Number of protein chains: 2
Amino acid sequence: MSLHLETRFCCVCGHAITRRIPPGDSRERDCCDACGAIHYRNPRPVVGTIPVWGEQVLRCRRAIEPRYGTWTLPAGFMELGETAGQGACRETHEEAGARIELGPLFSMIDVPSVEQIHIFYRARLLDTDFGPGAESLDVRLFQENQIPWDDIAFRTVSTTLRLFFEDRARGIFGTHTRELAPRPLPGKE
Amino acid sequence: MSLHLETRFCCVCGHAITRRIPPGDSRERDCCDACGAIHYRNPRPVVGTIPVWGEQVLRCRRAIEPRYGTWTLPAGFMELGETAGQGACRETHEEAGARIELGPLFSMIDVPSVEQIHIFYRARLLDTDFGPGAESLDVRLFQENQIPWDDIAFRTVSTTLRLFFEDRARGIFGTHTRELAPRPLPGKE
């Protein structure tokens, strides 16, 4: 879940990039003075699910960085040509080998510090025939009181899980929007 | 609202791109064999609002392509470093000169054919001191029965407006997700 790569050359013609404000714009962009291309960059959607089996929620233990070894919900970058829901199903299958019935949109969490929006859907597992994909060390079902809250990979995941259990306790599921402020740097306030 | 530019050169080092499946991946990516960079591409979020003044909804007449001269809701590509809601407010101010109080998330519409997700928020105009920005020919308030439905810029806008008026008639506003199928090509089925 890294930031965009630094742009130094035009990906269309290979000429060096000039960082400037194009006519009619108000922001600096990566502009190519050779071919005229303007290379816009935009936040990237991350899509995932909260897969449920009865009272239990499926979670994956990460086999990749960042946050190797911590627990997460199945989620990943949305690909071109798919919908957010299709991407969430794909990630659930890739990371947890799980087949689901996709439910409603549950959370949309802005993470401007890493230029992402995290989008989670509720989901119902169709069976318990799941298992870790290449990016997971382990995949398991958890009761709410079994979840190690201090060992969750990302704040969007812990936020989504807390909202999910709150809604479940109330008996009404909503759609939630949140924004994650940047983490304070070590040694800073 | 165009598709991504074609990538032929590495934007990090300027070397020619090779289109191949990286180790551990399942999709072809733009790979650089010189510096090792992998250039992922992802769908782009478009963010906007449904600004309301009493019974009326604010709309903008487009001064830019695509769909020059047609009517739309204020919306545009989300920028790095902002939240979806901040982007929606920014676009509303840039295109319509309008100051709003942002409301809840209203619609999230996938448009995989153009590699976008369109996200609209409900909003309340703070005053009627609005006017066209550089990308608008005109900005006006419309009653529901004044809206020319055949002259709307994008299907995500007409879909969002229809859902909005349906919810308003029911007296309950929800959060809606939809997917737009590609338009049939002229001469095709």
# chains A, B, ... in the order shown; residues from 1 in each chain; ligands from 1
>>> interface_residues(of="chain B", to="chain A", cutoff="10 Å", atoms="only C-alpha atoms", output="PyMOL selection string")
chain B and resi 4-17+24-25+27+37-46+77-85+104-106+108-117+134-135+174-180
>>> select_by_dssp(residues="segment 55-86 of chain B", states="strand (DSSP E or B)", output="VMD selection string")
chain B and resid 56 to 62 71 to 72 75 to 77
>>> residues_around(residues="Val47 of chain B", least_positions_apart="6", cutoff="7 Å", atoms="only C-alpha atoms", output="CSV table (one decimal) with N, CA, C and O atoms, in the first residue's frame")
chain,number,residue,atom,x,y,z
B,75,ALA,N,-18.9,18.1,-10.1
B,75,ALA,CA,-18.1,16.9,-9.8
B,75,ALA,C,-16.8,16.9,-10.6
B,75,ALA,O,-16.7,17.5,-11.6
B,76,GLY,N,-15.8,16.2,-10.1
B,76,GLY,CA,-14.6,16.1,-10.9
B,76,GLY,C,-13.6,15.1,-10.2
B,76,GLY,O,-13.9,14.5,-9.2
B,77,PHE,N,-12.5,14.9,-10.8
B,77,PHE,CA,-11.5,13.9,-10.3
B,77,PHE,C,-11.0,14.3,-8.9
B,77,PHE,O,-10.6,15.5,-8.7
B,78,MET,N,-11.0,13.4,-8.1
B,78,MET,CA,-10.4,13.5,-6.7
B,78,MET,C,-8.9,13.8,-6.8
B,78,MET,O,-8.2,13.1,-7.6
B,84,ALA,N,-12.5,12.3,-0.1
B,84,ALA,CA,-13.6,12.3,-1.1
B,84,ALA,C,-14.5,13.5,-0.8
B,84,ALA,O,-14.9,14.3,-1.8
B,87,GLY,N,-12.8,16.8,-1.7
B,87,GLY,CA,-12.8,16.9,-3.2
B,87,GLY,C,-14.2,17.3,-3.7
B,87,GLY,O,-14.3,18.2,-4.6
B,88,ALA,N,-15.3,16.8,-3.1
B,88,ALA,CA,-16.6,17.1,-3.6
B,88,ALA,C,-16.9,18.6,-3.3
B,88,ALA,O,-17.5,19.3,-4.1
B,118,HIS,N,-17.8,7.0,-9.5
B,118,HIS,CA,-18.3,8.3,-9.2
B,118,HIS,C,-19.0,8.3,-7.8
B,118,HIS,O,-19.9,7.4,-7.5
B,119,ILE,N,-18.7,9.2,-7.0
B,119,ILE,CA,-19.1,9.3,-5.6
B,119,ILE,C,-19.8,10.6,-5.4
B,119,ILE,O,-19.2,11.7,-5.5
B,120,PHE,N,-21.1,10.6,-5.0
B,120,PHE,CA,-21.8,11.9,-4.8
B,120,PHE,C,-22.3,12.0,-3.3
B,120,PHE,O,-22.8,11.0,-2.7
>>> atom_distance(atom1="atom CA of Pro51 of chain B", atom2="atom CA of Ile100 of chain B")
7.1 Å
>>> select_by_dssp(residues="segment 56-174 of chain A", states="alpha helix (DSSP H)", output="list in words")
Ala84, Gly85, Gln86, Gly87, Ala88, Cys89, Arg90, Glu91, Thr92, His93, Glu94, Glu95, Ala96, Arg155, Thr156, Val157, Ser158, Thr159, Thr160, Leu161, Arg162, Leu163, Phe164, Phe165, Glu166, Asp167, Arg168, Ala169 and Arg170 of chain A
